[in-house]
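Source file: model_26.txt; contents: compact mmCIF, C-alpha atoms.
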```txt
# COMPACT_ATOMS: atom_id res chain seq x y z
CA MET A 1028 -24.57 25.95 4.20
CA ILE A 1029 -24.61 22.21 3.46
CA TRP A 1030 -26.59 22.78 0.27
CA LEU A 1031 -24.19 25.51 -0.87
CA THR A 1032 -21.19 23.28 -0.19
CA TRP A 1033 -22.78 20.43 -2.12
CA ARG A 1034 -23.45 22.68 -5.12
CA GLN A 1035 -19.80 23.76 -5.17
CA PHE A 1036 -18.51 20.23 -4.64
CA ARG A 1037 -20.92 18.13 -6.67
CA VAL A 1038 -19.11 18.14 -10.04
CA GLN A 1039 -15.83 16.74 -8.64
CA PHE A 1040 -17.74 14.32 -6.46
CA LEU A 1041 -19.97 12.97 -9.22
CA VAL A 1042 -17.08 12.43 -11.64
CA ILE A 1043 -15.00 10.36 -9.22
CA ALA A 1044 -18.00 8.69 -7.59
CA SER A 1045 -19.34 7.60 -10.98
CA VAL A 1046 -16.08 5.90 -11.89
CA ALA A 1047 -15.88 4.21 -8.49
CA LEU A 1048 -19.54 3.12 -8.67
CA ALA A 1049 -19.12 1.68 -12.16
CA ALA A 1050 -16.05 -0.26 -11.05
CA ALA A 1051 -17.85 -1.52 -7.92
CA VAL A 1052 -20.77 -2.74 -10.05
CA VAL A 1053 -18.41 -4.65 -12.35
CA TYR A 1054 -16.67 -6.32 -9.41
CA ALA A 1055 -19.98 -7.14 -7.74
CA ALA A 1056 -21.25 -8.71 -10.98
CA THR A 1057 -18.13 -10.81 -11.69
CA GLY A 1058 -17.19 -11.70 -8.12
CA PRO A 1059 -19.63 -14.61 -7.64
CA SER A 1060 -18.32 -16.46 -10.72
CA LEU A 1061 -14.74 -16.02 -9.50
CA ALA A 1062 -15.72 -17.44 -6.11
CA ASP A 1063 -17.44 -20.39 -7.83
CA ASP A 1064 -14.27 -21.10 -9.84
CA TYR A 1065 -12.27 -21.09 -6.61
CA GLN A 1066 -14.58 -23.74 -5.13
CA GLN A 1067 -14.60 -25.77 -8.32
CA PHE A 1068 -10.92 -25.85 -9.26
CA ALA A 1069 -9.45 -25.80 -5.74
CA ASP A 1070 -5.70 -26.51 -6.01
CA ASN A 1071 -5.59 -25.53 -9.70
CA PHE A 1072 -7.47 -22.25 -9.28
CA ILE A 1073 -4.53 -19.92 -10.01
CA LYS A 1074 -3.43 -21.95 -13.04
CA ASN A 1075 -6.95 -21.84 -14.45
CA LEU A 1076 -7.05 -18.07 -14.06
CA ALA A 1077 -4.49 -17.89 -16.87
CA PHE A 1078 -7.29 -18.94 -19.21
CA ALA A 1079 -9.79 -16.45 -17.79
CA ARG A 1080 -10.62 -13.61 -20.10
CA PHE A 1081 -11.20 -10.69 -17.79
CA SER A 1082 -9.97 -11.72 -14.34
CA PRO A 1083 -6.30 -10.72 -14.83
CA VAL A 1084 -7.40 -7.33 -16.19
CA LEU A 1085 -9.84 -6.73 -13.33
CA TYR A 1086 -7.16 -7.72 -10.82
CA GLN A 1087 -4.76 -5.06 -12.15
CA VAL A 1088 -7.47 -2.44 -12.64
CA GLY A 1089 -8.59 -2.83 -9.03
CA LEU A 1090 -5.08 -2.19 -7.74
CA ALA A 1091 -4.61 0.75 -10.09
CA LEU A 1092 -7.89 2.39 -9.04
CA LEU A 1093 -7.15 2.10 -5.33
CA TYR A 1094 -3.71 3.59 -5.88
CA ALA A 1095 -5.14 6.42 -7.98
CA VAL A 1096 -8.10 7.41 -5.79
CA PRO A 1097 -6.18 8.95 -2.81
CA PRO A 1098 -4.02 11.38 -4.84
CA ILE A 1099 -6.96 12.30 -7.06
CA ILE A 1100 -9.20 12.99 -4.06
CA GLY A 1101 -6.49 15.00 -2.34
CA ALA A 1102 -5.74 17.06 -5.43
CA PHE A 1103 -9.23 17.56 -6.88
CA TRP A 1104 -11.39 17.47 -3.76
CA GLY A 1105 -9.21 18.63 -0.88
CA ALA A 1106 -6.92 21.23 -2.45
CA PRO A 1107 -9.59 23.34 -4.24
CA LEU A 1108 -12.09 23.10 -1.38
CA ILE A 1109 -10.69 26.14 0.47
CA ALA A 1110 -7.99 27.45 -1.89
CA ARG A 1111 -10.56 28.27 -4.57
CA GLU A 1112 -12.62 30.35 -2.10
CA LEU A 1113 -9.56 32.19 -0.80
CA GLU A 1114 -8.24 32.83 -4.28
CA ALA A 1115 -11.56 34.26 -5.48
CA GLY A 1116 -12.30 36.11 -2.22
CA THR A 1117 -15.78 34.58 -1.89
CA HIS A 1118 -15.03 33.49 1.67
CA ARG A 1119 -15.48 37.09 2.86
CA LEU A 1120 -19.10 37.11 1.69
CA VAL A 1121 -19.90 34.07 3.83
CA TRP A 1122 -17.93 35.26 6.85
CA GLY A 1123 -19.66 38.63 6.71
CA GLN A 1124 -22.97 36.93 7.44
CA SER A 1125 -23.94 34.89 10.50
CA ILE A 1126 -21.80 31.86 9.61
CA SER A 1127 -18.59 31.51 11.63
CA ARG A 1128 -15.28 30.47 10.12
CA TRP A 1129 -15.26 27.18 12.01
CA ARG A 1130 -18.79 26.32 10.92
CA TRP A 1131 -17.94 27.20 7.33
CA LEU A 1132 -14.81 25.00 7.36
CA ALA A 1133 -16.50 22.19 9.32
CA THR A 1134 -19.34 22.00 6.79
CA LYS A 1135 -16.98 21.85 3.83
CA VAL A 1136 -14.69 19.31 5.49
CA GLY A 1137 -17.66 17.25 6.67
CA VAL A 1138 -19.22 16.98 3.20
CA GLY A 1139 -15.90 16.29 1.48
CA GLY A 1140 -14.64 13.92 4.15
CA LEU A 1141 -17.85 11.90 4.16
CA GLY A 1142 -17.71 11.65 0.39
CA THR A 1143 -14.10 10.49 0.59
CA ILE A 1144 -14.92 7.71 3.05
CA VAL A 1145 -18.00 6.53 1.15
CA VAL A 1146 -16.40 6.46 -2.32
CA THR A 1147 -13.06 4.95 -1.29
CA GLY A 1148 -14.67 2.56 1.18
CA ALA A 1149 -17.14 1.22 -1.37
CA LEU A 1150 -14.44 0.73 -4.00
CA SER A 1151 -12.01 -0.90 -1.57
CA LEU A 1152 -14.73 -3.20 -0.24
CA ALA A 1153 -15.65 -4.30 -3.77
CA VAL A 1154 -12.05 -4.92 -4.86
CA THR A 1155 -11.06 -6.67 -1.61
CA TRP A 1156 -14.13 -8.92 -1.73
CA TRP A 1157 -13.64 -9.72 -5.43
CA SER A 1158 -9.94 -10.52 -4.91
CA SER A 1159 -10.44 -12.69 -1.83
CA PRO A 1160 -10.47 -16.05 -3.74
CA ILE A 1161 -7.16 -15.13 -5.39
CA ASP A 1162 -5.65 -14.02 -2.08
CA LYS A 1163 -6.78 -17.23 -0.38
CA ALA A 1164 -5.28 -19.38 -3.13
CA ILE A 1165 -1.94 -17.56 -3.00
CA ASN A 1166 -1.84 -17.78 0.81
CA ALA A 1167 -2.57 -21.51 0.51
CA GLY A 1168 0.64 -21.96 -1.48
CA GLN A 1169 -0.51 -21.81 -5.09
CA GLU A 1170 2.31 -20.22 -7.08
CA SER A 1171 1.97 -17.43 -9.62
CA ASN A 1172 4.24 -14.79 -11.13
CA PHE A 1173 1.27 -12.56 -11.92
CA TYR A 1174 -0.75 -12.57 -8.68
CA LEU A 1175 1.07 -11.55 -5.50
CA PRO A 1176 0.25 -12.32 -1.85
CA ARG A 1177 -1.83 -9.60 -0.25
CA MET A 1178 0.95 -8.97 2.29
CA PHE A 1179 3.33 -7.83 -0.46
CA PRO A 1180 3.71 -4.02 -0.55
CA VAL A 1181 2.17 -3.60 -4.01
CA THR A 1182 -0.95 -5.59 -3.13
CA PHE A 1183 -1.25 -4.50 0.51
CA SER A 1184 -1.94 -0.86 -0.40
CA GLY A 1185 -4.79 -1.93 -2.66
CA ARG A 1186 -6.74 -3.93 -0.10
CA GLY A 1187 -8.89 -3.40 2.98
CA LEU A 1188 -8.61 -0.28 5.12
CA VAL A 1189 -5.33 1.20 3.92
CA PRO A 1190 -6.73 2.89 0.76
CA ILE A 1191 -9.37 4.58 2.93
CA GLY A 1192 -6.72 5.85 5.33
CA TYR A 1193 -4.63 7.18 2.45
CA ALA A 1194 -7.66 8.89 0.89
CA VAL A 1195 -8.74 10.61 4.13
CA PHE A 1196 -5.15 11.72 4.71
CA ALA A 1197 -4.90 13.02 1.13
CA PHE A 1198 -8.14 14.97 1.48
CA ALA A 1199 -7.03 16.56 4.77
CA LEU A 1200 -3.62 17.35 3.30
CA GLY A 1201 -5.23 19.07 0.32
CA VAL A 1202 -7.40 21.19 2.61
CA ALA A 1203 -4.42 22.21 4.75
CA LEU A 1204 -2.22 23.04 1.76
CA GLY A 1205 -5.04 25.01 0.18
CA LEU A 1206 -5.29 27.13 3.33
CA VAL A 1207 -1.56 27.78 3.39
CA ILE A 1208 -0.87 28.25 -0.33
CA ARG A 1209 -4.16 29.98 -1.28
CA ARG A 1210 -3.65 29.18 -4.98
CA THR A 1211 -5.76 26.36 -6.38
CA LEU A 1212 -3.44 25.03 -9.07
CA VAL A 1213 -0.34 25.22 -6.90
CA ALA A 1214 -2.08 23.52 -3.97
CA LEU A 1215 -3.43 20.86 -6.35
CA ALA A 1216 0.03 20.10 -7.76
CA VAL A 1217 1.75 20.02 -4.37
CA THR A 1218 -0.94 17.76 -2.89
CA LEU A 1219 -0.70 15.37 -5.81
CA ALA A 1220 3.09 15.16 -5.51
CA VAL A 1221 3.12 14.70 -1.73
CA VAL A 1222 0.45 11.98 -1.68
CA ILE A 1223 2.16 10.01 -4.44
CA LEU A 1224 5.48 10.34 -2.60
CA VAL A 1225 3.87 9.07 0.62
CA GLN A 1226 2.40 6.09 -1.25
CA ILE A 1227 5.85 5.25 -2.62
CA LEU A 1228 7.75 5.64 0.66
CA ALA A 1229 5.22 4.21 3.14
CA PRO A 1230 5.87 0.51 2.37
CA THR A 1231 9.60 0.83 3.12
CA LEU A 1232 9.81 3.63 5.69
CA ILE A 1233 6.55 3.35 7.65
CA ARG A 1234 4.92 -0.06 7.32
CA PRO A 1235 7.83 -2.23 8.58
CA ASN A 1236 7.91 -0.16 11.81
CA LEU A 1237 4.21 -0.41 12.67
CA MET A 1238 4.57 -3.75 14.44
CA ALA A 1239 7.31 -6.21 15.32
CA PRO A 1240 8.08 -8.67 12.50
CA THR A 1241 9.11 -12.29 13.00
CA ASP A 1242 12.87 -12.31 13.59
CA GLN A 1243 14.71 -15.53 12.77
CA ASN A 1244 18.20 -16.88 12.09
CA ILE A 1245 18.22 -19.64 9.45
CA VAL A 1246 21.13 -21.84 8.44
CA ALA A 1247 21.40 -21.99 4.65
CA THR A 1248 21.02 -25.45 3.15
CA ALA A 1249 20.56 -26.88 -0.33
CA GLU A 1250 16.87 -27.41 0.47
CA ASN A 1251 15.96 -23.88 1.60
CA LEU A 1252 18.20 -22.01 -0.84
CA ARG A 1253 16.33 -19.46 -2.95
CA GLY A 1254 19.27 -17.97 -4.84
CA PHE A 1255 22.61 -16.18 -4.91
CA MET A 1256 23.51 -12.54 -5.54
CA ILE A 1257 26.70 -12.70 -7.61
CA SER A 1258 29.00 -9.77 -8.47
CA GLY A 1259 32.02 -9.58 -10.74
CA PRO A 1260 32.74 -11.28 -14.06
CA GLY A 1261 34.30 -14.66 -14.76
CA PRO A 1262 36.90 -15.95 -12.31
CA ASP A 1263 36.64 -12.75 -10.25
CA ALA A 1264 32.99 -13.39 -9.42
CA GLU A 1265 31.99 -13.73 -5.80
CA ILE A 1266 28.75 -14.33 -3.97
CA LYS A 1267 27.62 -11.22 -2.11
CA GLN A 1268 24.38 -12.58 -0.74
CA ILE A 1269 22.55 -15.85 -0.14
CA GLU A 1270 18.77 -15.79 -0.10
CA VAL A 1271 16.93 -18.49 1.84
CA GLY A 1272 13.29 -19.49 1.82
CA ILE A 1273 11.14 -19.07 4.92
CA ASN A 1274 8.29 -21.21 6.13
CA ALA A 1275 5.73 -18.44 5.73
CA VAL A 1276 3.53 -18.86 2.66
CA GLY A 1277 1.97 -15.54 1.68
CA GLY A 1278 4.28 -13.62 4.00
CA TRP A 1279 6.36 -10.52 3.28
CA LYS A 1280 10.13 -10.78 3.76
CA LEU A 1281 11.69 -7.52 4.96
CA THR A 1282 15.37 -8.44 5.18
CA ASP A 1283 17.59 -11.43 4.45
CA GLU A 1284 21.15 -10.74 5.63
CA THR A 1285 24.16 -12.96 6.20
CA VAL A 1286 25.45 -12.79 9.77
CA ASP A 1287 28.43 -14.39 11.47
CA LYS A 1288 28.44 -16.37 14.69
CA SER A 1289 28.38 -13.17 16.76
CA GLY A 1290 25.18 -12.07 15.00
CA LYS A 1291 26.77 -9.19 13.08
CA VAL A 1292 26.17 -8.62 9.37
CA ALA A 1293 29.16 -10.16 7.62
CA ALA A 1294 30.61 -10.58 4.16
CA LEU A 1295 30.66 -14.13 2.89
CA PRO A 1296 34.03 -15.88 2.58
CA LYS A 1297 35.33 -16.12 -0.99
CA TRP A 1298 35.19 -19.89 -1.07
CA VAL A 1299 31.36 -19.67 -1.01
CA ILE A 1300 31.50 -19.23 -4.78
CA ASP A 1301 31.90 -23.02 -4.87
CA CYS A 1302 28.37 -23.33 -3.46
CA GLU A 1303 26.83 -21.99 -6.64
CA PRO A 1304 25.17 -24.84 -8.55
CA ASN A 1305 26.69 -25.50 -11.97
CA GLY A 1306 23.66 -27.12 -13.52
CA PRO A 1307 20.02 -28.17 -13.04
CA GLY A 1308 19.47 -30.37 -10.02
CA GLU A 1309 22.88 -29.81 -8.49
CA ARG A 1310 21.54 -27.58 -5.73
CA ALA A 1311 19.76 -30.43 -4.00
CA THR A 1312 21.95 -33.38 -4.97
CA SER A 1313 25.57 -32.28 -5.30
CA PRO A 1314 27.88 -33.52 -2.49
CA LYS A 1315 30.01 -30.43 -3.16
CA ALA A 1316 27.06 -28.11 -2.46
CA ALA A 1317 26.08 -30.03 0.68
CA ALA A 1318 29.65 -29.87 2.01
CA CYS A 1319 29.80 -26.19 1.21
CA PHE A 1320 26.66 -25.34 3.18
CA GLN A 1321 27.80 -27.54 6.06
CA ARG A 1322 31.06 -25.61 6.19
CA LEU A 1323 29.12 -22.34 6.33
CA ALA A 1324 27.09 -23.68 9.26
CA ASP A 1325 30.21 -24.97 11.05
CA GLU A 1326 31.84 -21.54 10.78
CA GLY A 1327 28.74 -19.93 12.30
CA TYR A 1328 27.26 -18.21 9.26
CA SER A 1329 23.48 -17.96 8.97
CA GLN A 1330 20.81 -15.82 7.37
CA HIS A 1331 19.10 -13.25 9.58
CA VAL A 1332 15.57 -12.99 8.20
CA ARG A 1333 12.81 -10.57 9.24
CA TYR A 1334 9.32 -11.03 7.84
CA PHE A 1335 5.61 -10.59 8.40
CA THR A 1336 3.52 -13.74 8.21
CA ALA A 1337 0.27 -13.78 6.23
CA ASP A 1338 -1.87 -13.84 9.38
CA LYS A 1339 -0.60 -10.35 10.32
CA PHE A 1340 -2.45 -8.80 7.40
CA TRP A 1341 -5.40 -7.27 9.24
CA ALA A 1342 -3.37 -6.22 12.28
CA LEU A 1343 -1.00 -4.34 9.98
CA GLN A 1344 -3.95 -2.93 8.00
CA TRP A 1345 -5.54 -1.50 11.15
CA ARG A 1346 -2.28 0.07 12.30
CA GLU A 1347 -1.49 1.74 8.99
CA PHE A 1348 -5.09 2.89 8.60
CA GLY A 1349 -5.05 4.28 12.14
CA LEU A 1350 -1.76 6.09 11.58
CA PHE A 1351 -2.99 7.91 8.47
CA LEU A 1352 -6.31 8.65 10.13
CA LEU A 1353 -4.42 10.33 13.00
CA LEU A 1354 -2.33 12.29 10.50
CA ALA A 1355 -5.54 13.40 8.80
CA PHE A 1356 -7.04 14.59 12.10
CA GLY A 1357 -3.80 16.45 12.82
CA LEU A 1358 -3.95 18.20 9.47
CA LEU A 1359 -7.60 19.12 9.98
CA GLY A 1360 -6.78 20.42 13.45
CA PHE A 1361 -4.10 22.62 11.89
CA SER A 1362 -6.64 23.84 9.32
CA PHE A 1363 -9.11 24.90 12.02
CA TRP A 1364 -6.32 26.69 13.90
CA ARG A 1365 -5.12 28.38 10.75
CA ILE A 1366 -8.51 29.64 9.62
CA ARG A 1367 -9.21 31.10 13.05
CA ARG A 1368 -5.92 32.93 13.60
CA ASP A 1369 -4.18 33.71 10.33
CA LEU A 1370 -6.80 34.46 7.68
CA SER A 1371 -8.65 37.67 7.03
```
Can you dump the structure from the file as structure tokens?
Amino acid sequence: MIWLTWRQFRVQFLVIASVALAAAVVYAATGPSLADDYQQFADNFIKNLAFARFSPVLYQVGLALLYAVPPIIGAFWGAPLIARELEAGTHRLVWGQSISRWRWLATKVGVGGLGTIVVTGALSLAVTWWSSPIDKAINAGQESNFYLPRMFPVTFSGRGLVPIGYAVFAFALGVALGLVIRRTLVALAVTLAVVILVQILAPTLIRPNLMAPTDQNIVATAENLRGFMISGPGPDAEIKQIEVGINAVGGWKLTDETVDKSGKVAALPKWVIDCEPNGPGERATSPKAAACFQRLADEGYSQHVRYFTADKFWALQWREFGLFLLLAFGLLGFSFWRIRRDLS
């Protein structure tokens, strides 16, 4: 049964595994030189990466691959695994022999699931290891508009355990949808759409709720001001939002809201428009700006900020990975129930 499953599964596996293996080899070959550059250039490491020929490309390719692997595995490994058999009717030939439905499904899921973990795990390990010097430099405070802290949503989903959790979930989802829909192309398309939707929504709807973020009220000053959100043209303009900086290099800010002295979200008074700097350097030096921020503090206004610090990275990784692993087990449990009770 294992050999039969492998023969049916090997083409899809070898195509995706070959791409992942080739990428892993490239990262393994170029990673040591990147680590050496990090040791050599120290505080100027990120700036020197601008002159590197391939590093920026490899950085983006690694993220793209780890975003692409889960939906591809779900659609091209999980969805056809059972749907193709049900659509063609070949499952009856196997069930008519001495192989039970559960054994048949368990063998298919076992081979596909193991392949999912191995391929995604190897690729994620290679990319995470290769990117570690860049992540360390960003977390140490080196600034860049191109490389983002690993806690940021875009980067977080392309590091560590999370891509593996997404891939296992996608595979299990494809299997379950294939059992329900029984049409390969339809199950493939639905799986692809659902997994991509989950990847888009998870950073805003799921991740912030997996653990308690740091919750802090900060008084806005000229020194910690990050910017203004201004609406309206000309003399009718008003400041809708003040953004302050937080003392959390490499962290991920969830919210930055203005609150009044009672702690409720509040609109800023109209006179705050005078706080906007009129030229370079005024933010930190203008007496008008200093008086303006002092008045805000005296009236009880502050910024309510919620954020995850950089040191929460692995704790958050484990929780998100665990959540999607549980969802995958739930979907597989449904598949075993479904194949036992509802299929003929």
So which residues touch stretch 1083-1097 of chain A within 6 Å, counting all atoms listed in the file, skipping near sequence neighbours fewer than 6 positions away, as a list of chain:residue names?
->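 Residues near the query, excluding close chain neighbours: A:Val1154, A:Gly1185, A:Tyr1193, A:Ala1194, A:Ala1197.
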How would the residues just chosen look if you wrote them out with C-alpha atoms as a tab-separated table (two decimals), in the frame of the given file?
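Below you can see again.tsv, which holds the result:
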```tsv
chain	number	residue	atom	x	y	z
A	1154	VAL	CA	-12.05	-4.92	-4.86
A	1185	GLY	CA	-4.79	-1.93	-2.66
A	1193	TYR	CA	-4.63	7.18	2.45
A	1194	ALA	CA	-7.66	8.89	0.89
A	1197	ALA	CA	-4.90	13.02	1.13
```
Item to check | Spatial neighbours of A:Glu1114, max dist 8 Å, only C-alpha atoms, sep filter under 5 positions, as JSON, numbers by chain | outcome: {"A": [1209, 1210, 1211]}
Counting all atoms listed in the file, the residue among A:Arg1234, A:Arg1367, A:Lys1297, A:Lys1339 that lies closest to A:Pro1180 is A:Arg1234
With all atoms of stretch 1229-1234 of chain A from the file as input, state the centre and edge lengths in Å to one decimal of the axis-aligned box that has 4 Å extra on each side, as AutoDock Vina command-line options.
```
--center_x 7.4 --center_y 2.1 --center_z 5.0 --size_x 12.9 --size_y 12.3 --size_z 13.3
```
Taking (-9.5, -20.6, -2.6) in the coordinates of the supplied file, I want to know which residues reach to within 10 Å of it, counting all atoms listed in the file; could you give the answer as an mmCIF file with C-alpha atoms, in the frame of the given file?
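Output saved as point-v3.cif:
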```cif
data_model
loop_
_atom_site.group_PDB
_atom_site.id
_atom_site.type_symbol
_atom_site.label_atom_id
_atom_site.label_comp_id
_atom_site.auth_asym_id
_atom_site.auth_seq_id
_atom_site.Cartn_x
_atom_site.Cartn_y
_atom_site.Cartn_z
ATOM 1 C CA LEU A 1061 -14.740 -16.020 -9.500
ATOM 2 C CA ALA A 1062 -15.720 -17.440 -6.110
ATOM 3 C CA ASP A 1063 -17.440 -20.390 -7.830
ATOM 4 C CA ASP A 1064 -14.270 -21.100 -9.840
ATOM 5 C CA TYR A 1065 -12.270 -21.090 -6.610
ATOM 6 C CA GLN A 1066 -14.580 -23.740 -5.130
ATOM 7 C CA GLN A 1067 -14.600 -25.770 -8.320
ATOM 8 C CA PHE A 1068 -10.920 -25.850 -9.260
ATOM 9 C CA ALA A 1069 -9.450 -25.800 -5.740
ATOM 10 C CA ASP A 1070 -5.700 -26.510 -6.010
ATOM 11 C CA ASN A 1071 -5.590 -25.530 -9.700
ATOM 12 C CA PHE A 1072 -7.470 -22.250 -9.280
ATOM 13 C CA ILE A 1073 -4.530 -19.920 -10.010
ATOM 14 C CA SER A 1159 -10.440 -12.690 -1.830
ATOM 15 C CA PRO A 1160 -10.470 -16.050 -3.740
ATOM 16 C CA ILE A 1161 -7.160 -15.130 -5.390
ATOM 17 C CA ASP A 1162 -5.650 -14.020 -2.080
ATOM 18 C CA LYS A 1163 -6.780 -17.230 -0.380
ATOM 19 C CA ALA A 1164 -5.280 -19.380 -3.130
ATOM 20 C CA ILE A 1165 -1.940 -17.560 -3.000
ATOM 21 C CA ASN A 1166 -1.840 -17.780 0.810
ATOM 22 C CA ALA A 1167 -2.570 -21.510 0.510
ATOM 23 C CA GLN A 1169 -0.510 -21.810 -5.090
#
```
Contacts of A:Gly1101 within 9 Å, all atoms listed in the file, excl. fewer than 4 positions in-chain, as a compact mmCIF listing (two decimals) with C-alpha atoms, in the frame of the given file:
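Result file is result-v8.txt:
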```txt
# COMPACT_ATOMS: atom_id res chain seq x y z
CA VAL A 1096 -8.10 7.41 -5.79
CA PRO A 1097 -6.18 8.95 -2.81
CA GLY A 1105 -9.21 18.63 -0.88
CA ALA A 1106 -6.92 21.23 -2.45
CA ALA A 1194 -7.66 8.89 0.89
CA VAL A 1195 -8.74 10.61 4.13
CA PHE A 1196 -5.15 11.72 4.71
CA ALA A 1197 -4.90 13.02 1.13
CA PHE A 1198 -8.14 14.97 1.48
CA ALA A 1199 -7.03 16.56 4.77
CA LEU A 1200 -3.62 17.35 3.30
CA GLY A 1201 -5.23 19.07 0.32
CA VAL A 1202 -7.40 21.19 2.61
CA LEU A 1215 -3.43 20.86 -6.35
CA THR A 1218 -0.94 17.76 -2.89
CA LEU A 1219 -0.70 15.37 -5.81
CA VAL A 1222 0.45 11.98 -1.68
```
Among A:Leu1150, A:Ile1273, A:Leu1358, A:Ile1100, A:Ala1047 is approached most closely, using only C-alpha atoms, by A:Leu1150
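For the pair atom CA of A:Thr1285 and atom CA of A:Val1271, the separation is 10.1 Å.
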* Would you mind reading off the distance between atom CA of A:Val1221 and atom CA of A:Pro1098, one decimal, in Å? =>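 Separation between atom CA of A:Val1221 and atom CA of A:Pro1098: 8.5 Å.
The gap separating atom CA of A:Phe1320 from atom CA of A:Thr1248 is 5.6 Å, in Å to one decimal.
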Restricting to all atoms listed in the file, whichever of A:Tyr1328, A:Trp1345, A:Phe1103, A:Phe1040 is closest to A:Gly1290 is A:Tyr1328
Find the residues near A:Pro1230: any atom within 12 Å, counting only C-alpha atoms, skip ones fewer than 3 places away on the same chain, and give them as a ChimeraX atom specification. /A:1178-1184,1189,1224-1227,1233-1237,1279,1281,1343-1344,1347
So that I can see what lies close to A:Leu1048, please list as a list of chain:residue names the residues with an atom at most 12 Å from it, counting all atoms listed in the file and leaving out residues fewer than 4 positions away in the same chain. A:Phe1040, A:Leu1041, A:Val1042, A:Ile1043, A:Ala1044, A:Val1052, A:Val1053, A:Tyr1054, A:Ala1055, A:Leu1092, A:Val1145, A:Val1146, A:Thr1147, A:Gly1148, A:Ala1149, A:Leu1150, A:Ser1151, A:Leu1152, A:Ala1153, A:Val1154
A:Arg1080, A:Ile1223, A:Lys1135, A:Ala1049 ranked by distance to A:Ile1099, top pick (using all atoms listed in the file):
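Of A:Arg1080, A:Ile1223, A:Lys1135, A:Ala1049, the one nearest A:Ile1099, counting all atoms listed in the file, is A:Ile1223.
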Exercise. Could you check which of A:Gln1268, A:Thr1336, A:Asn1274, A:Ser1329 is closest to A:Gly1254, using all atoms listed in the file?
Key: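 With all atoms listed in the file as the atom set, the closest residue is A:Gln1268.
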Of A:Arg1365, A:Lys1280, A:Arg1346, A:Arg1037, the one sitting nearest A:Gly1192 when using all atoms listed in the file is A:Arg1346
